[in-house]
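Trainee: Sharing final_13.cif, mmCIF, C-alpha atoms:
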data_upload
loop_
_atom_site.label_atom_id
_atom_site.label_comp_id
_atom_site.auth_asym_id
_atom_site.auth_seq_id
_atom_site.Cartn_x
_atom_site.Cartn_y
_atom_site.Cartn_z
CA SER A 242 96.97 104.08 93.09
CA THR A 243 100.67 103.57 92.55
CA ASN A 244 102.27 100.63 94.31
CA VAL A 245 105.39 101.91 96.05
CA GLU A 246 107.94 99.63 97.73
CA PHE A 247 109.66 100.79 100.88
CA THR A 248 113.07 99.61 102.09
CA LYS A 249 113.13 101.37 105.49
CA THR A 250 110.35 102.40 107.86
CA SER A 251 110.10 104.33 111.12
CA LYS A 252 106.81 103.99 113.00
CA ALA A 253 106.00 106.17 116.03
CA GLN A 254 103.62 103.97 118.02
CA GLU A 255 102.78 106.62 120.63
CA ALA A 256 102.33 109.50 118.15
CA GLY A 257 100.65 107.39 115.45
CA HIS A 258 102.67 108.37 112.38
CA THR A 259 105.03 106.59 109.98
CA ILE A 260 107.79 107.62 107.58
CA ALA A 261 108.87 105.07 105.00
CA ILE A 262 111.71 105.40 102.48
CA THR A 263 111.88 103.98 98.96
CA ALA A 264 115.02 102.37 97.51
CA ASN A 265 115.59 105.67 95.66
CA GLY A 266 115.61 107.62 98.94
CA ILE A 267 112.18 109.24 98.59
CA PRO A 268 110.42 109.55 101.97
CA TYR A 269 106.66 109.05 102.35
CA SER A 270 104.64 109.81 105.47
CA HIS A 271 101.18 109.05 106.82
CA CYS A 272 99.17 108.63 110.01
CA HIS A 273 98.87 104.91 110.72
CA ASN A 274 96.66 105.55 113.77
CA LYS A 275 93.93 108.07 112.93
CA LYS A 276 92.70 108.16 116.53
CA ILE A 277 95.89 109.90 117.71
CA CYS A 278 97.44 111.38 114.54
CA ASP A 279 95.99 114.06 112.26
CA ASN A 280 99.16 115.98 111.27
CA GLU A 281 97.95 118.98 113.29
CA LEU A 282 101.51 119.59 114.51
CA GLY A 283 103.24 118.93 111.18
CA GLU A 284 104.69 115.57 112.19
CA LEU A 285 104.22 114.29 108.63
CA GLY A 286 106.32 117.12 107.18
CA ARG A 287 103.89 117.68 104.33
CA ILE A 288 100.38 118.76 103.40
CA GLY A 289 97.67 116.54 101.95
CA ASN A 290 95.55 113.67 103.23
CA PRO A 291 97.27 112.40 106.41
CA SER A 292 95.78 108.90 106.06
CA ILE A 293 97.45 108.18 102.71
CA PRO A 294 101.22 107.64 102.31
CA LEU A 295 102.36 110.64 100.25
CA PRO A 296 105.90 111.75 99.33
CA ILE A 297 107.64 114.40 101.39
CA LYS A 298 109.23 117.30 99.48
CA LEU A 299 112.32 118.80 101.10
CA VAL A 300 113.16 122.50 100.73
CA HIS A 301 116.76 123.61 100.14
CA ALA A 302 117.72 126.63 102.22
CA ASN A 303 118.99 128.37 99.08
CA ALA A 304 115.94 127.62 96.94
CA ASN A 305 112.60 129.38 96.75
CA THR A 306 110.70 126.37 95.45
CA ARG A 307 110.08 122.88 96.72
CA ASN A 308 112.20 120.16 95.21
CA THR A 309 110.91 117.65 92.73
CA ASP A 310 111.57 113.92 92.90
CA ASP A 311 114.51 114.54 90.53
CA ASN A 312 116.47 116.58 93.08
CA ASP A 313 119.73 115.60 94.75
CA VAL A 314 118.25 115.21 98.26
CA ARG A 315 117.81 111.53 98.99
CA ILE A 316 116.92 110.18 102.42
CA ALA A 317 118.99 107.46 104.07
CA HIS A 318 117.21 107.14 107.43
CA ALA A 319 113.99 108.29 109.11
CA TYR A 320 113.11 108.71 112.77
CA THR A 321 109.66 109.32 114.23
CA GLY A 322 108.66 109.98 117.81
CA GLY A 323 106.67 111.89 120.35
CA PHE A 324 103.19 111.54 121.73
CA PRO A 325 99.78 112.50 120.26
CA SER A 326 100.32 116.08 121.52
CA SER A 327 103.96 116.28 120.42
CA GLY A 328 104.60 114.17 117.31
CA HIS A 329 107.79 114.95 115.43
CA SER A 330 110.00 113.45 112.73
CA ALA A 331 113.58 113.57 111.50
CA VAL A 332 115.16 112.38 108.29
CA LEU A 333 118.85 112.08 107.52
CA ASP A 334 119.82 112.65 103.91
CA THR A 335 122.59 110.88 102.03
CA HIS A 336 124.84 113.95 102.47
CA GLY A 337 124.56 113.72 106.27
CA ASN A 338 122.14 116.62 106.72
CA LEU A 339 119.44 116.35 109.38
CA TRP A 340 115.92 117.57 108.46
CA LEU A 341 113.20 118.02 111.12
CA SER A 342 109.46 118.57 111.26
CA GLY A 343 106.63 118.50 113.76
CA CYS A 344 106.09 119.67 117.32
CA ASP A 345 108.82 121.90 118.72
CA ARG A 346 107.04 122.88 121.93
CA TRP A 347 109.95 121.74 124.10
CA GLN A 348 112.64 122.46 121.50
CA GLN A 349 112.92 118.76 120.67
CA LEU A 350 113.75 119.64 117.05
CA GLY A 351 116.97 121.38 118.13
CA MET A 352 116.62 124.13 115.55
CA GLY A 353 118.13 126.83 117.78
CA SER A 354 116.36 129.57 119.71
CA SER A 355 117.02 132.38 122.15
CA ASN A 356 113.91 131.31 124.09
CA GLY A 357 114.67 128.55 126.56
CA GLY A 358 112.54 126.37 128.77
CA SER A 359 108.90 125.53 128.31
CA SER A 360 108.17 128.59 126.17
CA GLY A 361 109.40 126.65 123.15
CA TYR A 362 110.06 128.28 119.83
CA THR A 363 107.91 130.82 118.14
CA TRP A 364 107.65 130.01 114.43
CA LYS A 365 105.38 131.57 111.84
CA GLY A 366 102.44 133.26 113.52
CA GLY A 367 103.42 132.10 117.01
CA ARG A 368 103.15 128.39 116.20
CA LEU A 369 105.27 125.93 118.14
CA TRP A 370 105.77 123.46 115.29
CA GLN A 371 107.20 123.06 111.79
CA ASP A 372 104.77 121.82 109.15
CA HIS A 373 107.48 121.09 106.54
CA PHE A 374 110.91 119.59 107.01
CA GLN A 375 113.57 122.16 107.80
CA LYS A 376 117.29 121.49 107.51
CA ASN A 377 119.05 121.79 110.86
CA GLN A 378 121.85 124.31 110.37
CA HIS A 379 123.44 123.39 113.71
CA VAL A 380 124.40 119.84 112.71
CA VAL A 381 127.08 119.52 110.05
CA GLY A 382 127.22 116.27 108.08
#
Please express what this file holds, its structure, as structure tokens.
Mentor:
Amino acid sequence: STNVEFTKTSKAQEAGHTIAITANGIPYSHCHNKKICDNELGELGRIGNPSIPLPIKLVHANANTRNTDDNDVRIAHAYTGGFPSSGHSAVLDTHGNLWLSGCDRWQQLGMGSSNGGSSGYTWKGGRLWQDHFQKNQHVVG
């Protein structure tokens, strides 16, 4: 396996997941507590083995494909939070854009919705979570 060095880390103790950032601004995520984290709600913002730190690919709103590591989106900060039933994550890129993933049951991602209250958002197929990082269009960097 490749040895990757991280310069910044956010660890959600209650939700059991971690996002770490390399010096080049590439975010990696994994479940550090397998008893309470399995990426069921998309808190890692990626697919693949949740127990292994893997890079997160961000999707530009104007692109149809996922970015490669050579893209211009670099992450400056990461934030993780929630509980086992509501894990979520946020990353702030070097351009000031906020990207969010994970449980959105109580609209904690702030992505905008006409449904208020405990109904939460209805994403693809009625899900109440985002399984890949989405750029928040309501926050301007």
Trainee: Can you give me, as a ChimeraX atom specification, the residues this file yields under the PyMOL selection byres ((chain A and resi 272) around 6)?
Mentor: /A:257-258,271,273-274,278,291-292
Trainee: Step by step, work through what the PyMOL selection byres ((chain A and resi 341-349) around 7) selects in the shown file, and finish by giving those residues as a ChimeraX atom specification.
Mentor: /A:282-284,286,327-332,339-340,350-351,359,361-362,369-377
Trainee: Which of these residues is nearest to A:Val314, using only C-alpha atoms: A:Ile288, A:Glu281, A:Asn265, A:Glu246?
Mentor: A:Asn265
Trainee: Could you pull out every residue with an atom within 7 Å of (114.8, 106.1, 100.7), file coordinates, counting all atoms listed in the file, and send them as a PyMOL selection string?
Mentor: chain A and resi 248-249+262-268+315-317
Trainee: Mind giving me the straight-line distance from atom CA of A:Ile260 to atom CA of A:Val245 in Å, one decimal?
Mentor: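 Atom CA of A:Ile260 sits 13.1 Å away from atom CA of A:Val245.
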Trainee: Grab the atom CA of A:Leu333 to atom CA of A:Lys275 distance for me, in Å with one decimal place.
Mentor: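 Taking atom CA of A:Leu333 and atom CA of A:Lys275, their separation equals 25.8 Å.
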Trainee: Just to confirm, what's the straight-line distance from atom CA of A:Asp279 to atom CA of A:Leu295 in Å (one decimal)?
Mentor: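 Computed distance, atom CA of A:Asp279 to atom CA of A:Leu295, equals 14.0 Å.
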Trainee: Of the candidates A:Gln254, A:Gln378, A:Thr259, A:Thr321, which one gets nearest to A:Gly337 if we count only C-alpha atoms?
Mentor: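 Ranking A:Gln254, A:Gln378, A:Thr259, A:Thr321 by distance to A:Gly337, first place goes to A:Gln378.
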